[in-house]
file start11.pdb (PDB, C-alpha atoms)
MODEL        1
ATOM      1  CA  MET A   1      -0.925  33.284 -25.469
ATOM      2  CA  LEU A   2       0.422  32.365 -22.095
ATOM      3  CA  ALA A   3      -2.986  32.532 -20.463
ATOM      4  CA  VAL A   4      -4.798  31.024 -23.453
ATOM      5  CA  ASP A   5      -2.494  27.990 -23.584
ATOM      6  CA  HIS A   6      -2.567  27.340 -19.885
ATOM      7  CA  TYR A   7      -6.266  28.013 -19.503
ATOM      8  CA  ARG A   8      -6.899  25.527 -22.313
ATOM      9  CA  MET A   9      -4.894  22.935 -20.412
ATOM     10  CA  LYS A  10      -6.792  23.661 -17.200
ATOM     11  CA  ALA A  11     -10.206  23.641 -18.924
ATOM     12  CA  ASP A  12      -9.361  20.407 -20.717
ATOM     13  CA  ASN A  13      -8.447  18.744 -17.411
ATOM     14  CA  HIS A  14     -11.655  20.030 -15.868
ATOM     15  CA  GLN A  15     -13.710  18.679 -18.743
ATOM     16  CA  HIS A  16     -12.166  15.255 -18.206
ATOM     17  CA  GLY A  17     -13.139  15.258 -14.530
ATOM     18  CA  ILE A  18      -9.543  15.524 -13.371
ATOM     19  CA  ILE A  19      -9.034  16.339  -9.697
ATOM     20  CA  PHE A  20      -5.316  16.692 -10.156
ATOM     21  CA  SER A  21      -2.732  15.675 -12.679
ATOM     22  CA  PHE A  22       0.939  15.613 -11.838
ATOM     23  CA  ASN A  23       3.562  15.344 -14.542
ATOM     24  CA  GLY A  24       7.233  15.443 -13.683
ATOM     25  CA  PHE A  25       9.599  14.294 -11.003
ATOM     26  CA  ILE A  26       7.861  12.755  -8.022
ATOM     27  CA  SER A  27       9.359  11.837  -4.649
ATOM     28  CA  GLU A  28       8.013  10.166  -1.508
ATOM     29  CA  SER A  29       7.346  13.613  -0.003
ATOM     30  CA  ILE A  30       5.345  14.679  -3.054
ATOM     31  CA  LEU A  31       3.400  11.418  -2.803
ATOM     32  CA  PHE A  32       2.550  12.286   0.791
ATOM     33  CA  ALA A  33       1.512  15.859  -0.027
ATOM     34  CA  LEU A  34      -0.626  14.867  -3.018
ATOM     35  CA  GLY A  35      -2.179  12.018  -1.028
ATOM     36  CA  ASP A  36      -3.021  14.399   1.786
ATOM     37  CA  ALA A  37      -4.708  16.835  -0.639
ATOM     38  CA  LEU A  38      -6.583  13.941  -2.234
ATOM     39  CA  LYS A  39      -7.872  12.690   1.122
ATOM     40  CA  LYS A  40      -9.032  16.203   2.070
ATOM     41  CA  LYS A  41     -10.743  16.756  -1.279
ATOM     42  CA  LEU A  42     -12.584  13.423  -1.112
ATOM     43  CA  SER A  43     -13.532  14.004   2.481
ATOM     44  CA  MET A  44     -14.934  17.516   1.736
ATOM     45  CA  GLU A  45     -17.047  15.973  -1.008
ATOM     46  CA  GLU A  46     -18.323  13.496   1.570
ATOM     47  CA  THR A  47     -17.092  10.519  -0.419
ATOM     48  CA  ASP A  48     -17.951   7.346   1.487
ATOM     49  CA  LEU A  49     -15.181   5.735   3.507
ATOM     50  CA  ARG A  50     -15.080   2.557   1.385
ATOM     51  CA  THR A  51     -14.453   4.531  -1.831
ATOM     52  CA  MET A  52     -12.020   6.958  -0.208
ATOM     53  CA  LYS A  53      -9.825   4.176   1.113
ATOM     54  CA  ARG A  54      -9.769   2.432  -2.256
ATOM     55  CA  VAL A  55      -8.900   5.578  -4.241
ATOM     56  CA  PHE A  56      -6.160   6.450  -1.751
ATOM     57  CA  SER A  57      -4.670   2.984  -1.812
ATOM     58  CA  VAL A  58      -4.585   2.811  -5.629
ATOM     59  CA  PHE A  59      -3.034   6.292  -5.693
ATOM     60  CA  VAL A  60      -0.266   5.326  -3.222
ATOM     61  CA  GLU A  61       0.628   2.099  -5.034
ATOM     62  CA  GLN A  62       0.704   3.788  -8.461
ATOM     63  CA  ALA A  63       2.832   6.677  -7.149
ATOM     64  CA  GLN A  64       5.265   4.256  -5.496
ATOM     65  CA  ASN A  65       5.497   2.247  -8.715
ATOM     66  CA  ILE A  66       6.566   5.393 -10.569
ATOM     67  CA  ILE A  67       9.132   6.254  -7.874
ATOM     68  CA  ARG A  68      10.566   2.733  -7.876
ATOM     69  CA  TYR A  69      10.322   1.684 -11.496
ATOM     70  CA  SER A  70      10.433   4.744 -13.766
ATOM     71  CA  ALA A  71      13.492   4.678 -16.046
ATOM     72  CA  GLU A  72      13.795   8.459 -15.646
ATOM     73  CA  THR A  73      15.085   8.430 -12.126
ATOM     74  CA  LEU A  74      17.663  10.131  -9.946
ATOM     75  CA  ALA A  75      18.946   8.988  -6.569
ATOM     76  CA  LYS A  76      21.518  10.642  -4.372
ATOM     77  CA  ASP A  77      24.121   8.369  -2.771
ATOM     78  CA  ASP A  78      21.934   5.385  -3.690
ATOM     79  CA  GLN A  79      19.486   6.396  -0.993
ATOM     80  CA  GLU A  80      16.052   5.104  -1.956
ATOM     81  CA  ILE A  81      14.407   7.596   0.347
ATOM     82  CA  ASN A  82      15.665  10.539  -1.701
ATOM     83  CA  ARG A  83      14.777   9.019  -5.040
ATOM     84  CA  LEU A  84      13.136  11.305  -7.606
ATOM     85  CA  SER A  85      11.448   9.663 -10.580
ATOM     86  CA  SER A  86       9.584  11.116 -13.494
ATOM     87  CA  GLY A  87       6.067  10.057 -14.333
ATOM     88  CA  LEU A  88       2.473  11.044 -14.794
ATOM     89  CA  LEU A  89      -0.148  10.629 -12.098
ATOM     90  CA  THR A  90      -3.774  11.627 -12.558
ATOM     91  CA  VAL A  91      -6.823  11.268 -10.325
ATOM     92  CA  GLY A  92     -10.289  12.111 -11.545
ATOM     93  CA  SER A  93     -13.876  11.021 -11.828
ATOM     94  CA  GLU A  94     -15.793   9.816 -14.847
ATOM     95  CA  GLY A  95     -19.375   8.630 -15.006
ATOM     96  CA  GLY A  96     -19.703   8.747 -11.217
ATOM     97  CA  ARG A  97     -16.590   6.684 -10.540
ATOM     98  CA  PHE A  98     -13.097   7.700  -9.544
ATOM     99  CA  PHE A  99     -10.088   6.695 -11.600
ATOM    100  CA  VAL A 100      -6.340   6.834 -11.096
ATOM    101  CA  VAL A 101      -3.906   6.797 -14.028
ATOM    102  CA  CYS A 102      -0.141   6.448 -13.869
ATOM    103  CA  GLY A 103       2.419   6.509 -16.640
ATOM    104  CA  ASN A 104       6.165   6.381 -16.898
ATOM    105  CA  VAL A 105       9.021   5.529 -19.208
ATOM    106  CA  MET A 106      10.606   2.143 -18.558
ATOM    107  CA  ALA A 107      13.371  -0.022 -19.997
ATOM    108  CA  ARG A 108      12.015  -1.762 -23.075
ATOM    109  CA  GLU A 109      13.249  -5.198 -22.002
ATOM    110  CA  LYS A 110      11.244  -4.949 -18.794
ATOM    111  CA  ALA A 111       8.010  -4.086 -20.584
ATOM    112  CA  HIS A 112       7.233  -7.605 -21.779
ATOM    113  CA  PRO A 113       7.408  -9.302 -18.348
ATOM    114  CA  LEU A 114       5.297  -6.453 -16.908
ATOM    115  CA  GLN A 115       2.734  -6.863 -19.685
ATOM    116  CA  GLU A 116       2.496 -10.608 -19.017
ATOM    117  CA  ARG A 117       1.988  -9.975 -15.310
ATOM    118  CA  LEU A 118      -0.695  -7.344 -15.968
ATOM    119  CA  GLU A 119      -2.481  -9.652 -18.426
ATOM    120  CA  LYS A 120      -2.490 -12.379 -15.823
ATOM    121  CA  ILE A 121      -3.925 -10.035 -13.173
ATOM    122  CA  GLN A 122      -6.450  -8.573 -15.625
ATOM    123  CA  LYS A 123      -7.956 -12.020 -16.236
ATOM    124  CA  LEU A 124      -8.419 -12.919 -12.566
ATOM    125  CA  ASP A 125     -11.791 -12.606 -10.851
ATOM    126  CA  ALA A 126     -12.125 -11.236  -7.300
ATOM    127  CA  ALA A 127     -11.408 -14.605  -5.658
ATOM    128  CA  GLY A 128      -8.413 -15.171  -7.939
ATOM    129  CA  ILE A 129      -7.002 -11.721  -7.146
ATOM    130  CA  LYS A 130      -7.355 -12.378  -3.423
ATOM    131  CA  ALA A 131      -5.624 -15.773  -3.689
ATOM    132  CA  TYR A 132      -2.798 -14.265  -5.783
ATOM    133  CA  TYR A 133      -2.433 -11.457  -3.222
ATOM    134  CA  MET A 134      -2.149 -13.914  -0.318
ATOM    135  CA  GLU A 135       0.391 -16.003  -2.199
ATOM    136  CA  HIS A 136       2.610 -12.945  -2.747
ATOM    137  CA  MET A 137       2.127 -11.624   0.767
ATOM    138  CA  LYS A 138       3.392 -14.917   2.219
ATOM    139  CA  ALA A 139       6.316 -15.271  -0.195
ATOM    140  CA  PRO A 140       9.723 -14.635   1.413
ATOM    141  CA  VAL A 141      11.056 -11.113   0.923
ATOM    142  CA  ASP A 142      13.233 -10.832  -2.155
ATOM    143  CA  ALA A 143      16.303  -8.879  -1.077
ATOM    144  CA  SER A 144      16.653  -7.234  -4.482
ATOM    145  CA  ALA A 145      13.017  -6.089  -4.596
ATOM    146  CA  LYS A 146      12.276  -2.435  -3.912
ATOM    147  CA  GLY A 147       8.766  -3.196  -2.699
ATOM    148  CA  ALA A 148       6.519  -6.064  -1.742
ATOM    149  CA  ASN A 149       5.678  -6.899  -5.366
ATOM    150  CA  LEU A 150       2.060  -6.580  -4.332
ATOM    151  CA  GLY A 151       1.247  -3.138  -5.722
ATOM    152  CA  LEU A 152      -0.316  -4.215  -9.007
ATOM    153  CA  ILE A 153      -2.450  -6.857  -7.307
ATOM    154  CA  GLU A 154      -3.569  -4.341  -4.677
ATOM    155  CA  ILE A 155      -4.589  -1.924  -7.457
ATOM    156  CA  ALA A 156      -6.608  -4.665  -9.175
ATOM    157  CA  ARG A 157      -8.165  -5.694  -5.860
ATOM    158  CA  ARG A 158      -9.436  -2.164  -5.126
ATOM    159  CA  SER A 159     -10.734  -1.578  -8.661
ATOM    160  CA  SER A 160     -14.348  -2.027  -9.668
ATOM    161  CA  GLU A 161     -13.464  -3.337 -13.126
ATOM    162  CA  PRO A 162     -10.388  -4.960 -14.714
ATOM    163  CA  ILE A 163      -7.407  -2.599 -14.896
ATOM    164  CA  GLN A 164      -6.566  -1.046 -18.290
ATOM    165  CA  PHE A 165      -2.972  -0.721 -19.440
ATOM    166  CA  ASP A 166      -1.024   0.152 -22.554
ATOM    167  CA  PHE A 167       2.542   0.311 -23.829
ATOM    168  CA  LEU A 168       4.152   2.580 -26.412
ATOM    169  CA  GLU A 169       7.619   1.770 -27.736
ATOM    170  CA  LEU A 170       9.613   4.992 -27.834
ATOM    171  CA  ASP A 171      12.941   3.839 -29.214
ATOM    172  CA  ALA A 172      15.244   0.818 -29.162
ATOM    173  CA  SER A 173      15.683   0.931 -25.405
ATOM    174  CA  THR A 174      12.617   2.597 -23.850
ATOM    175  CA  THR A 175       8.872   2.050 -23.648
ATOM    176  CA  PHE A 176       6.152   4.278 -22.197
ATOM    177  CA  TYR A 177       3.815   2.363 -19.912
ATOM    178  CA  CYS A 178       0.507   3.534 -18.498
ATOM    179  CA  MET A 179      -2.296   2.068 -16.448
ATOM    180  CA  LYS A 180      -5.820   3.209 -15.555
ATOM    181  CA  ALA A 181      -7.828   1.830 -12.671
ATOM    182  CA  PHE A 182     -11.485   2.643 -11.994
ATOM    183  CA  ILE A 183     -12.586   2.466  -8.380
TER     184      ILE A 183
ATOM    185  CA  MET B   1      13.672  -6.420  26.719
ATOM    186  CA  GLU B   2      13.189  -2.688  26.919
ATOM    187  CA  ASN B   3       9.719  -1.360  26.077
ATOM    188  CA  LYS B   4       9.452   0.286  22.669
ATOM    189  CA  PHE B   5       7.349   3.350  22.028
ATOM    190  CA  ILE B   6       7.364   5.276  18.760
ATOM    191  CA  ALA B   7       4.835   8.083  18.394
ATOM    192  CA  ALA B   8       2.697   8.023  15.257
ATOM    193  CA  GLY B   9       4.243   9.898  12.346
ATOM    194  CA  GLU B  10       2.482  11.469   9.382
ATOM    195  CA  ARG B  11       2.634   8.133   7.606
ATOM    196  CA  SER B  12       3.847   5.673  10.210
ATOM    197  CA  PRO B  13       1.865   4.014  12.997
ATOM    198  CA  GLU B  14       2.223   4.421  16.733
ATOM    199  CA  VAL B  15       4.271   1.559  18.087
ATOM    200  CA  ASP B  16       3.465   0.738  21.699
ATOM    201  CA  PHE B  17       5.290  -2.483  22.534
ATOM    202  CA  ARG B  18       5.117  -2.944  26.309
ATOM    203  CA  TYR B  19       7.302  -5.975  26.564
ATOM    204  CA  ASP B  20       7.194  -5.847  30.371
ATOM    205  CA  GLN B  21       3.398  -6.339  30.272
ATOM    206  CA  ASN B  22       3.355  -8.700  27.270
ATOM    207  CA  HIS B  23       1.080  -6.190  25.617
ATOM    208  CA  LEU B  24       1.972  -4.920  22.163
ATOM    209  CA  ALA B  25       0.016  -2.521  19.957
ATOM    210  CA  LEU B  26       0.299  -0.896  16.540
ATOM    211  CA  ARG B  27      -2.085   1.966  15.808
ATOM    212  CA  GLY B  28      -2.754   4.330  12.927
ATOM    213  CA  GLU B  29      -1.609   4.534   9.322
ATOM    214  CA  ALA B  30       1.336   2.691   7.807
ATOM    215  CA  TYR B  31       2.864   3.725   4.521
ATOM    216  CA  PRO B  32       6.361   4.734   5.602
ATOM    217  CA  GLU B  33       8.814   5.985   2.986
ATOM    218  CA  ASP B  34      10.911   2.921   3.652
ATOM    219  CA  ALA B  35       8.872   0.051   5.086
ATOM    220  CA  ALA B  36      11.917  -2.194   5.510
ATOM    221  CA  ALA B  37      13.716   0.444   7.582
ATOM    222  CA  PHE B  38      10.638   1.031   9.748
ATOM    223  CA  PHE B  39       9.486  -2.543  10.305
ATOM    224  CA  GLY B  40      12.821  -4.382  10.079
ATOM    225  CA  PRO B  41      14.056  -3.541  13.601
ATOM    226  CA  LEU B  42      10.576  -4.140  15.073
ATOM    227  CA  LEU B  43      10.397  -7.606  13.510
ATOM    228  CA  LYS B  44      13.870  -8.437  14.768
ATOM    229  CA  ASP B  45      13.007  -7.365  18.316
ATOM    230  CA  LEU B  46       9.665  -9.166  18.198
ATOM    231  CA  SER B  47      11.386 -12.427  17.255
ATOM    232  CA  ALA B  48      13.915 -12.055  20.070
ATOM    233  CA  TYR B  49      11.175 -11.135  22.563
ATOM    234  CA  CYS B  50       9.039 -14.137  21.575
ATOM    235  CA  GLU B  51      11.927 -16.400  22.597
ATOM    236  CA  THR B  52      11.716 -15.030  26.139
ATOM    237  CA  VAL B  53       7.984 -15.458  26.822
ATOM    238  CA  LYS B  54       7.415 -19.157  26.315
ATOM    239  CA  GLY B  55       4.368 -20.361  28.265
ATOM    240  CA  GLN B  56       3.238 -16.829  29.076
ATOM    241  CA  GLU B  57       0.264 -14.860  27.791
ATOM    242  CA  LEU B  58       0.929 -12.308  25.054
ATOM    243  CA  LEU B  59      -1.525  -9.847  23.550
ATOM    244  CA  MET B  60      -0.893  -8.069  20.260
ATOM    245  CA  ALA B  61      -3.403  -5.457  19.104
ATOM    246  CA  PHE B  62      -3.521  -4.130  15.544
ATOM    247  CA  GLN B  63      -5.558  -0.950  15.239
ATOM    248  CA  LEU B  64      -4.691   0.227  11.759
ATOM    249  CA  VAL B  65      -6.734   2.408   9.457
ATOM    250  CA  TYR B  66      -4.589   2.127   6.346
ATOM    251  CA  PHE B  67      -1.405   0.356   5.268
ATOM    252  CA  ASN B  68       0.287   0.054   1.896
ATOM    253  CA  THR B  69       1.444  -3.221   0.366
ATOM    254  CA  SER B  70       5.034  -2.964   1.647
ATOM    255  CA  SER B  71       3.633  -2.610   5.165
ATOM    256  CA  ALA B  72       1.115  -5.437   4.568
ATOM    257  CA  LYS B  73       4.044  -7.735   3.919
ATOM    258  CA  ALA B  74       5.704  -6.647   7.175
ATOM    259  CA  LEU B  75       2.445  -7.200   9.073
ATOM    260  CA  MET B  76       2.246 -10.696   7.597
ATOM    261  CA  ASN B  77       5.784 -11.339   8.916
ATOM    262  CA  MET B  78       4.687 -10.111  12.332
ATOM    263  CA  ILE B  79       1.675 -12.458  12.298
ATOM    264  CA  GLN B  80       3.933 -15.343  11.252
ATOM    265  CA  ILE B  81       6.351 -14.638  14.129
ATOM    266  CA  LEU B  82       3.420 -14.570  16.585
ATOM    267  CA  GLU B  83       1.986 -17.798  15.172
ATOM    268  CA  ALA B  84       5.395 -19.486  15.491
ATOM    269  CA  ALA B  85       5.541 -18.366  19.137
ATOM    270  CA  ALA B  86       2.022 -19.731  19.719
ATOM    271  CA  SER B  87       2.970 -23.057  18.172
ATOM    272  CA  SER B  88       5.846 -23.375  20.625
ATOM    273  CA  GLY B  89       3.753 -22.761  23.708
ATOM    274  CA  THR B  90       3.213 -19.021  24.154
ATOM    275  CA  LYS B  91      -0.459 -18.160  24.720
ATOM    276  CA  VAL B  92      -0.770 -15.602  21.936
ATOM    277  CA  ALA B  93      -3.905 -13.525  21.449
ATOM    278  CA  ILE B  94      -4.190 -11.207  18.451
ATOM    279  CA  ARG B  95      -6.842  -8.506  18.419
ATOM    280  CA  TRP B  96      -7.564  -6.964  15.013
ATOM    281  CA  LEU B  97      -9.554  -3.765  15.375
ATOM    282  CA  PHE B  98     -11.470  -2.160  12.533
ATOM    283  CA  MET B  99     -13.883   0.725  12.191
ATOM    284  CA  GLU B 100     -17.479   0.150  11.229
ATOM    285  CA  ASP B 101     -17.806   0.353   7.388
ATOM    286  CA  ASP B 102     -14.104  -0.332   6.922
ATOM    287  CA  ASP B 103     -14.432  -3.485   4.857
ATOM    288  CA  VAL B 104     -10.828  -3.269   3.598
ATOM    289  CA  ILE B 105      -9.263  -3.511   7.056
ATOM    290  CA  ARG B 106     -11.830  -6.095   8.189
ATOM    291  CA  GLU B 107     -11.034  -8.288   5.184
ATOM    292  CA  PHE B 108      -7.302  -7.990   5.843
ATOM    293  CA  GLY B 109      -8.006  -9.231   9.368
ATOM    294  CA  GLU B 110      -9.872 -12.201   7.963
ATOM    295  CA  ASP B 111      -7.020 -12.885   5.529
ATOM    296  CA  PHE B 112      -4.388 -12.775   8.267
ATOM    297  CA  SER B 113      -6.467 -15.001  10.539
ATOM    298  CA  MET B 114      -6.308 -17.736   7.887
ATOM    299  CA  GLU B 115      -2.599 -18.029   8.675
ATOM    300  CA  LEU B 116      -3.235 -18.830  12.318
ATOM    301  CA  GLU B 117      -3.622 -22.237  13.804
ATOM    302  CA  HIS B 118      -2.292 -21.821  17.331
ATOM    303  CA  ALA B 119      -2.678 -18.111  18.095
ATOM    304  CA  ARG B 120      -6.099 -16.893  19.171
ATOM    305  CA  PHE B 121      -7.565 -14.285  16.827
ATOM    306  CA  GLN B 122     -10.280 -11.799  17.567
ATOM    307  CA  LEU B 123     -11.828  -9.422  15.035
ATOM    308  CA  VAL B 124     -13.173  -6.394  16.895
ATOM    309  CA  GLN B 125     -15.355  -3.644  15.442
ATOM    310  CA  ILE B 126     -14.784  -0.242  17.067
TER     311      ILE B 126
ENDMDL
END
call {"tool": "encode", "arguments": {"input": "start11.pdb", "output": "structure tokens"}}
result
Amino acid sequence: MLAVDHYRMKADNHQHGIIFSFNGFISESILFALGDALKKKLSMEETDLRTMKRVFSVFVEQAQNIIRYSAETLAKDDQEINRLSSGLLTVGSEGGRFFVVCGNVMAREKAHPLQERLEKIQKLDAAGIKAYYMEHMKAPVDASAKGANLGLIEIARRSSEPIQFDFLELDASTTFYCMKAFI
Amino acid sequence: MENKFIAAGERSPEVDFRYDQNHLALRGEAYPEDAAAFFGPLLKDLSAYCETVKGQELLMAFQLVYFNTSSAKALMNMIQILEAAASSGTKVAIRWLFMEDDDVIREFGEDFSMELEHARFQLVQI
């Protein structure tokens, strides 16, 4: 059964065009290693530079969002650099286009503001996304922010169609969030 | 101010700030684990240096192939510091280098140039 179960999982991933799918605790060093493998894989397949850069950028921003915002997270001595956070990160291709999916558990009370922000971004056209990006890039750095607050807009900017997202309430305090971007 | 050289890392750019020649350059990829820790000291030094070169010529070259959003924000701060220096009399020239076909980096250059009124900006295809 061991082989049957795991082969089924592998075959299922293959059937869905998945290049890799990571599920578990991710750190900045895992991000780097996965990103490096992704770049090599795309480059061996002679993916054009424009597409490669977009896939890589969406991958990095989604991975960093998991590391920074997953509710299932561990940090040693409050050092952000050593943070480990649990999530799901998948890169694949479907119908001739690449996609990147991320998912993680988050605090339920933070889900609604995130949903509003994603809905706002989802409705913007290319010019609107660019303007929104510039506005955030120029905004003063928020000392409490873990990042530039630009990740979601960057993902939308590099996508070839509006981003897809979904939320699943798990219990009174947690929600599972996921997002899929086609490049 | 003492020149600053940091060799490129796996995910951080080469920093080649030759303060004695008024020639500064950033080259490579930028998605450091901690963008604030990497860029913070550079921004601080750049601000202090800009105070010392009023009226002089200053060239800053950006030759980046990829940067994440945390780094983009730091680059915007750098551009803003350079523009402030230009507005108070330093002859600032910014060269933004991009590879042929790299529309992402080229567009970032165009975006950053919109912030400039006093500094000279040159988009250079390599």
call {"tool": "interface_residues", "arguments": {"input": "start11.pdb", "of": "chain A", "to": "chain B", "cutoff": "9 Å", "atoms": "all atoms listed in the file", "output": "ChimeraX atom specification"}}
result
/A:28-29,32,49-50,53-54,57,60-61,80-81,130,134,136-139,141,147-151,154,158
call {"tool": "write_last_selection", "arguments": {"input": "start11.pdb", "atoms": "C-alpha atoms", "output": "mmCIF file, keeping the file's coordinate frame"}}
result
data_model
loop_
_atom_site.group_PDB
_atom_site.id
_atom_site.type_symbol
_atom_site.label_atom_id
_atom_site.label_comp_id
_atom_site.auth_asym_id
_atom_site.auth_seq_id
_atom_site.Cartn_x
_atom_site.Cartn_y
_atom_site.Cartn_z
ATOM 1 C CA GLU A 28 8.013 10.166 -1.508
ATOM 2 C CA SER A 29 7.346 13.613 -0.003
ATOM 3 C CA PHE A 32 2.550 12.286 0.791
ATOM 4 C CA LEU A 49 -15.181 5.735 3.507
ATOM 5 C CA ARG A 50 -15.080 2.557 1.385
ATOM 6 C CA LYS A 53 -9.825 4.176 1.113
ATOM 7 C CA ARG A 54 -9.769 2.432 -2.256
ATOM 8 C CA SER A 57 -4.670 2.984 -1.812
ATOM 9 C CA VAL A 60 -0.266 5.326 -3.222
ATOM 10 C CA GLU A 61 0.628 2.099 -5.034
ATOM 11 C CA GLU A 80 16.052 5.104 -1.956
ATOM 12 C CA ILE A 81 14.407 7.596 0.347
ATOM 13 C CA LYS A 130 -7.355 -12.378 -3.423
ATOM 14 C CA MET A 134 -2.149 -13.914 -0.318
ATOM 15 C CA HIS A 136 2.610 -12.945 -2.747
ATOM 16 C CA MET A 137 2.127 -11.624 0.767
ATOM 17 C CA LYS A 138 3.392 -14.917 2.219
ATOM 18 C CA ALA A 139 6.316 -15.271 -0.195
ATOM 19 C CA VAL A 141 11.056 -11.113 0.923
ATOM 20 C CA GLY A 147 8.766 -3.196 -2.699
ATOM 21 C CA ALA A 148 6.519 -6.064 -1.742
ATOM 22 C CA ASN A 149 5.678 -6.899 -5.366
ATOM 23 C CA LEU A 150 2.060 -6.580 -4.332
ATOM 24 C CA GLY A 151 1.247 -3.138 -5.722
ATOM 25 C CA GLU A 154 -3.569 -4.341 -4.677
ATOM 26 C CA ARG A 158 -9.436 -2.164 -5.126
#
call {"tool": "atom_distance", "arguments": {"input": "start11.pdb", "atom1": "atom CA of Met60 of chain B", "atom2": "atom CA of Tyr132 of chain A"}}
result
26.8 Å
call {"tool": "atom_distance", "arguments": {"input": "start11.pdb", "atom1": "atom CA of Ile6 of chain B", "atom2": "atom CA of Lys39 of chain A"}}
result
24.5 Å
call {"tool": "resolve_selection", "arguments": {"input": "start11.pdb", "expression": "the PyMOL selection byres ((chain B and resi 47) around 12)", "output": "PyMOL selection string"}}
result
chain B and resi 1+40-46+48-54+77-85
call {"tool": "atom_distance", "arguments": {"input": "start11.pdb", "atom1": "atom CA of His23 of chain B", "atom2": "atom CA of Ala119 of chain B"}}
result
14.6 Å
call {"tool": "resolve_selection", "arguments": {"input": "start11.pdb", "expression": "the PyMOL selection byres ((chain A and resi 101-118) around 9)", "output": "PyMOL selection string"}}
result
chain A and resi 59+62-63+65-66+69-72+85-92+99-100+119-123+152-153+163-167+169-182
call {"tool": "resolve_selection", "arguments": {"input": "start11.pdb", "expression": "the PyMOL selection byres ((chain B and resi 18) around 10)", "output": "PyMOL selection string"}}
result
chain B and resi 1-5+15-17+19-25+59-60
call {"tool": "axis_aligned_box", "arguments": {"input": "start11.pdb", "around": "segment 171-178 of chain A", "padding_each_side": "8 Å", "output": "AutoDock Vina command-line options"}}
result
--center_x 8.1 --center_y 2.5 --center_z -23.9 --size_x 31.2 --size_y 19.5 --size_z 26.7
call {"tool": "residues_around", "arguments": {"input": "start11.pdb", "residues": "Leu123 of chain B", "least_positions_apart": "6", "cutoff": "10 Å", "atoms": "only C-alpha atoms", "output": "list in words"}}
result
Phe62, Ile94, Arg95, Trp96, Leu97, Phe98, Arg106, Glu107, Gly109, Glu110 and Ser113 of chain B
call {"tool": "decode", "arguments": {"input": "start11.pdb", "residues": "segment 18-30 of chain B", "atoms": "N, CA and C atoms", "output": "mmCIF file, in the first residue's frame"}}
result
data_model
loop_
_atom_site.group_PDB
_atom_site.id
_atom_site.type_symbol
_atom_site.label_atom_id
_atom_site.label_comp_id
_atom_site.auth_asym_id
_atom_site.auth_seq_id
_atom_site.Cartn_x
_atom_site.Cartn_y
_atom_site.Cartn_z
ATOM 1 N N ARG B 18 31.383 53.552 -4.551
ATOM 2 C CA ARG B 18 32.684 54.236 -4.492
ATOM 3 C C ARG B 18 32.445 55.705 -4.185
ATOM 4 N N TYR B 19 32.315 55.954 -2.913
ATOM 5 C CA TYR B 19 32.006 57.321 -2.481
ATOM 6 C C TYR B 19 33.108 58.297 -2.901
ATOM 7 N N ASP B 20 34.362 57.810 -2.924
ATOM 8 C CA ASP B 20 35.467 58.708 -3.271
ATOM 9 C C ASP B 20 35.423 59.137 -4.741
ATOM 10 N N GLN B 21 34.710 58.375 -5.573
ATOM 11 C CA GLN B 21 34.597 58.735 -7.000
ATOM 12 C C GLN B 21 33.197 59.235 -7.343
ATOM 13 N N ASN B 22 32.338 59.329 -6.352
ATOM 14 C CA ASN B 22 30.924 59.690 -6.571
ATOM 15 C C ASN B 22 30.269 58.760 -7.592
ATOM 16 N N HIS B 23 30.629 57.506 -7.498
ATOM 17 C CA HIS B 23 30.117 56.515 -8.433
ATOM 18 C C HIS B 23 29.592 55.311 -7.641
ATOM 19 N N LEU B 24 28.279 55.137 -7.687
ATOM 20 C CA LEU B 24 27.664 54.073 -6.895
ATOM 21 C C LEU B 24 26.974 53.091 -7.837
ATOM 22 N N ALA B 25 27.036 51.802 -7.503
ATOM 23 C CA ALA B 25 26.362 50.810 -8.348
ATOM 24 C C ALA B 25 25.798 49.658 -7.524
ATOM 25 N N LEU B 26 24.636 49.193 -7.969
ATOM 26 C CA LEU B 26 23.997 47.998 -7.404
ATOM 27 C C LEU B 26 23.796 47.039 -8.556
ATOM 28 N N ARG B 27 24.247 45.787 -8.413
ATOM 29 C CA ARG B 27 24.145 44.857 -9.530
ATOM 30 C C ARG B 27 23.680 43.475 -9.075
ATOM 31 N N GLY B 28 22.786 42.885 -9.847
ATOM 32 C CA GLY B 28 22.418 41.487 -9.597
ATOM 33 C C GLY B 28 20.987 41.311 -9.148
ATOM 34 N N GLU B 29 20.768 40.332 -8.280
ATOM 35 C CA GLU B 29 19.433 39.984 -7.814
ATOM 36 C C GLU B 29 19.252 40.486 -6.388
ATOM 37 N N ALA B 30 18.029 40.891 -6.065
ATOM 38 C CA ALA B 30 17.766 41.360 -4.701
ATOM 39 C C ALA B 30 16.466 40.784 -4.163
#
